[in-house]
Amino acid sequence: MGNFQLKLVLLLFTVCAALSTLSTAQDFKCSAQTAARCQALVGYLPPNKTTISEIQSLFTVKNLRSILGANNFPPGTPRNFSVPAQKPIKVPIHCICSNGTGVSDKVPVYTVKKDDGLDFIARTIFGQLLKYQKIVEANNISNPDLIQIGQNLTIPLPCSCDDVDNAKVVHYAHVVEEGSSFALIAQKFGTDRDTLMKLNGIHDDSKLIAGEPLDVPLKACNSSIRADSFDNYLRVANGTYTFTANSCVKCQCDATNNWTLQCEPSQFQPSSPNSRWKTCPSMLCGDSESLSIGNTTTSNNCNRTTCEYAGYNNLSILTTLNSLSTCPIAS
């Protein structure tokens, strides 16, 4: 083989390797069963000063309270709450697994504006959470240079529903900062370096690329939610809260509470337009007339019984009693 042919082969190999990297660089592994669904988070870095309401609109988030809870902002935070440029904001998304990867389930939907290009939409509008090639694939665009003003584009954000080391987690798409390392990221988000590297299929810091999303597992609280509940997928990460059961129930996760999900009545009226509920159903446990979700009773100073949230269906909010005894064992 002559020098020219050898150089051509090497060039083709390099191009193919680069294209392969582009097509898989931002896939989050999701080996959960086909069509498995869950809640995930993405870390959005707004290019300019913005508001919580504008972020909600950009990511097609139905309820503002979902964003407030993901960032542990007070529930009464106003819609026009200001967010500085480049301040990371956690945005909740619905994730679906297919063919070994996870992607946001048909949202956000972005409407093309004047002077928009796909690379600009991916890098700037959506804060480097994906590359433009992913938008091309998701929307079957034949010519990336030809998009129309007013065209609606599905933005496929990376996510996952997998457990990590047999533990329930909330997967968070974190955009890597310049000069960062696996150790620094692990310390910031309460995980460990080896777990991060294994999860992302990267074996050393030199392969960590600034400006690309990294799959970070945020440990979630254990709950009593039943497998047949409409929100059986619910996972709440440490230091966050969420609303469920048509916004009738507020649940929060705090590691200091033994990693147990704490739920209570939200004091809100049902918010889902598809709900049959005009008011929130009873949240009492069993035949109790006073013990409702989040309430605890103590007897003998060492027997504690708590009414816990167990999910919901079309007709009711499900509850369960959880008893814990710290009484000394008789010898």
# chains A, B, ... in the order shown; residues from 1 in each chain; ligands from 1
>>> residues_around(residues="Asp165 (chain A)", least_positions_apart="2", cutoff="12 Å", atoms="only C-alpha atoms", output="VMD selection string")
chain A and resid 162 to 163 167 to 169 191 to 192 194 to 196 198 to 199 217 219
>>> residues_around(residues="Gly190 (chain A)", least_positions_apart="6", cutoff="12 Å", atoms="only C-alpha atoms", output="list in words")
Val169, Phe182, Ala183, Leu184, Leu196, Val216, Pro217, Leu218, Lys219, Ala220, Ala237, Asn238, Gly239 and Ala255 of chain A
>>> write_last_selection(atoms="N, CA and C atoms", output="PDB file, in the first residue's frame")
ATOM      1  N   VAL A 169     -31.920   5.770  42.752  1.00  0.00           N
ATOM      2  CA  VAL A 169     -31.283   7.074  42.566  1.00  0.00           C
ATOM      3  C   VAL A 169     -32.124   7.910  41.608  1.00  0.00           C
ATOM      4  N   PHE A 182     -13.481  13.950  38.251  1.00  0.00           N
ATOM      5  CA  PHE A 182     -14.457  13.016  38.816  1.00  0.00           C
ATOM      6  C   PHE A 182     -14.529  13.149  40.338  1.00  0.00           C
ATOM      7  N   ALA A 183     -13.393  13.339  40.973  1.00  0.00           N
ATOM      8  CA  ALA A 183     -13.367  13.462  42.430  1.00  0.00           C
ATOM      9  C   ALA A 183     -14.150  14.695  42.888  1.00  0.00           C
ATOM     10  N   LEU A 184     -13.962  15.822  42.204  1.00  0.00           N
ATOM     11  CA  LEU A 184     -14.661  17.054  42.578  1.00  0.00           C
ATOM     12  C   LEU A 184     -16.167  16.921  42.358  1.00  0.00           C
ATOM     13  N   LEU A 196     -19.061   7.128  39.500  1.00  0.00           N
ATOM     14  CA  LEU A 196     -19.229   8.051  38.377  1.00  0.00           C
ATOM     15  C   LEU A 196     -18.527   7.535  37.122  1.00  0.00           C
ATOM     16  N   VAL A 216     -24.905  11.759  36.673  1.00  0.00           N
ATOM     17  CA  VAL A 216     -24.580  11.779  38.104  1.00  0.00           C
ATOM     18  C   VAL A 216     -25.752  11.183  38.889  1.00  0.00           C
ATOM     19  N   PRO A 217     -25.526  10.094  39.650  1.00  0.00           N
ATOM     20  CA  PRO A 217     -26.610   9.487  40.423  1.00  0.00           C
ATOM     21  C   PRO A 217     -26.794  10.185  41.776  1.00  0.00           C
ATOM     22  N   LEU A 218     -27.969  10.742  41.996  1.00  0.00           N
ATOM     23  CA  LEU A 218     -28.297  11.379  43.271  1.00  0.00           C
ATOM     24  C   LEU A 218     -29.099  10.386  44.110  1.00  0.00           C
ATOM     25  N   LYS A 219     -28.598  10.046  45.272  1.00  0.00           N
ATOM     26  CA  LYS A 219     -29.278   9.054  46.100  1.00  0.00           C
ATOM     27  C   LYS A 219     -30.676   9.521  46.468  1.00  0.00           C
ATOM     28  N   ALA A 220     -31.644   8.605  46.369  1.00  0.00           N
ATOM     29  CA  ALA A 220     -33.040   8.923  46.671  1.00  0.00           C
ATOM     30  C   ALA A 220     -33.473   8.265  47.970  1.00  0.00           C
ATOM     31  N   ALA A 237     -34.739  12.936  45.359  1.00  0.00           N
ATOM     32  CA  ALA A 237     -33.336  13.007  45.743  1.00  0.00           C
ATOM     33  C   ALA A 237     -33.160  13.788  47.042  1.00  0.00           C
ATOM     34  N   ASN A 238     -32.052  13.522  47.711  1.00  0.00           N
ATOM     35  CA  ASN A 238     -31.747  14.211  48.965  1.00  0.00           C
ATOM     36  C   ASN A 238     -31.735  15.726  48.778  1.00  0.00           C
ATOM     37  N   GLY A 239     -32.365  16.440  49.710  1.00  0.00           N
ATOM     38  CA  GLY A 239     -32.382  17.895  49.661  1.00  0.00           C
ATOM     39  C   GLY A 239     -33.392  18.469  48.693  1.00  0.00           C
ATOM     40  N   ALA A 255     -31.537  13.327  54.071  1.00  0.00           N
ATOM     41  CA  ALA A 255     -30.668  12.235  54.497  1.00  0.00           C
ATOM     42  C   ALA A 255     -30.607  12.089  56.003  1.00  0.00           C
TER      43      ALA A 255
END
>>> closest_atom_pairs(of="region 195-235 of chain A", to="region 256-278 of chain A", cutoff="7 Å", atoms="only C-alpha atoms", output="Markdown table")
| residue | atom | partner | partner_atom | distance |
| --- | --- | --- | --- | --- |
| A:Cys221 | CA | A:Trp259 | CA | 4.7 |
| A:Asn222 | CA | A:Thr260 | CA | 5.0 |
| A:Ser223 | CA | A:Leu261 | CA | 5.2 |
>>> write_last_selection(atoms="N, CA, C and O atoms", output="PDB file, in the first residue's frame")
ATOM      1  N   CYS A 221     -34.483   8.851  48.596  1.00  0.00           N
ATOM      2  CA  CYS A 221     -35.013   8.300  49.844  1.00  0.00           C
ATOM      3  C   CYS A 221     -35.850   7.049  49.577  1.00  0.00           C
ATOM      4  O   CYS A 221     -36.489   6.910  48.529  1.00  0.00           O
ATOM      5  N   ASN A 222     -35.860   6.139  50.551  1.00  0.00           N
ATOM      6  CA  ASN A 222     -36.727   4.968  50.492  1.00  0.00           C
ATOM      7  C   ASN A 222     -38.164   5.386  50.780  1.00  0.00           C
ATOM      8  O   ASN A 222     -38.411   6.324  51.546  1.00  0.00           O
ATOM      9  N   SER A 223     -39.114   4.702  50.169  1.00  0.00           N
ATOM     10  CA  SER A 223     -40.514   5.067  50.374  1.00  0.00           C
ATOM     11  C   SER A 223     -41.369   3.826  50.548  1.00  0.00           C
ATOM     12  O   SER A 223     -40.923   2.696  50.324  1.00  0.00           O
TER      13      SER A 223
END
>>> atom_distance(atom1="CA of Leu318 (chain A)", atom2="CA of Val249 (chain A)")
11.0 Å
>>> select_by_dssp(residues="region 79-305 of chain A", states="alpha helix (DSSP H)", output="number ranges by chain")
A: 118-120, 132-139, 182-189, 193-200
>>> write_last_selection(atoms="C-alpha atoms", output="PDB file, in the first residue's frame")
ATOM      1  CA  LEU A 118     -29.528  23.529  15.430  1.00  0.00           C
ATOM      2  CA  ASP A 119     -26.069  23.904  16.985  1.00  0.00           C
ATOM      3  CA  PHE A 120     -27.107  27.210  18.567  1.00  0.00           C
ATOM      4  CA  TYR A 132     -27.334  19.147  17.591  1.00  0.00           C
ATOM      5  CA  GLN A 133     -26.961  15.668  16.056  1.00  0.00           C
ATOM      6  CA  LYS A 134     -29.374  14.360  18.706  1.00  0.00           C
ATOM      7  CA  ILE A 135     -31.992  16.893  17.595  1.00  0.00           C
ATOM      8  CA  VAL A 136     -31.462  15.807  13.982  1.00  0.00           C
ATOM      9  CA  GLU A 137     -32.025  12.145  14.908  1.00  0.00           C
ATOM     10  CA  ALA A 138     -35.070  12.785  17.112  1.00  0.00           C
ATOM     11  CA  ASN A 139     -36.835  14.892  14.483  1.00  0.00           C
ATOM     12  CA  PHE A 182     -14.457  13.016  38.816  1.00  0.00           C
ATOM     13  CA  ALA A 183     -13.367  13.462  42.430  1.00  0.00           C
ATOM     14  CA  LEU A 184     -14.661  17.054  42.578  1.00  0.00           C
ATOM     15  CA  ILE A 185     -17.977  16.162  40.940  1.00  0.00           C
ATOM     16  CA  ALA A 186     -18.437  13.143  43.210  1.00  0.00           C
ATOM     17  CA  GLN A 187     -17.786  15.251  46.308  1.00  0.00           C
ATOM     18  CA  LYS A 188     -20.216  17.934  45.165  1.00  0.00           C
ATOM     19  CA  PHE A 189     -23.093  15.524  44.573  1.00  0.00           C
ATOM     20  CA  ARG A 193     -15.389   8.728  41.911  1.00  0.00           C
ATOM     21  CA  ASP A 194     -15.462   5.053  40.940  1.00  0.00           C
ATOM     22  CA  THR A 195     -19.259   4.998  40.656  1.00  0.00           C
ATOM     23  CA  LEU A 196     -19.229   8.051  38.377  1.00  0.00           C
ATOM     24  CA  MET A 197     -16.522   6.613  36.129  1.00  0.00           C
ATOM     25  CA  LYS A 198     -18.207   3.209  35.833  1.00  0.00           C
ATOM     26  CA  LEU A 199     -21.645   4.708  35.176  1.00  0.00           C
ATOM     27  CA  ASN A 200     -20.335   6.917  32.382  1.00  0.00           C
TER      28      ASN A 200
END
>>> closest_residue(among="A:Asn72, A:Ser160, A:Ser325, A:Ser57", to="Val42 (chain A)", atoms="only C-alpha atoms")
A:Ser160
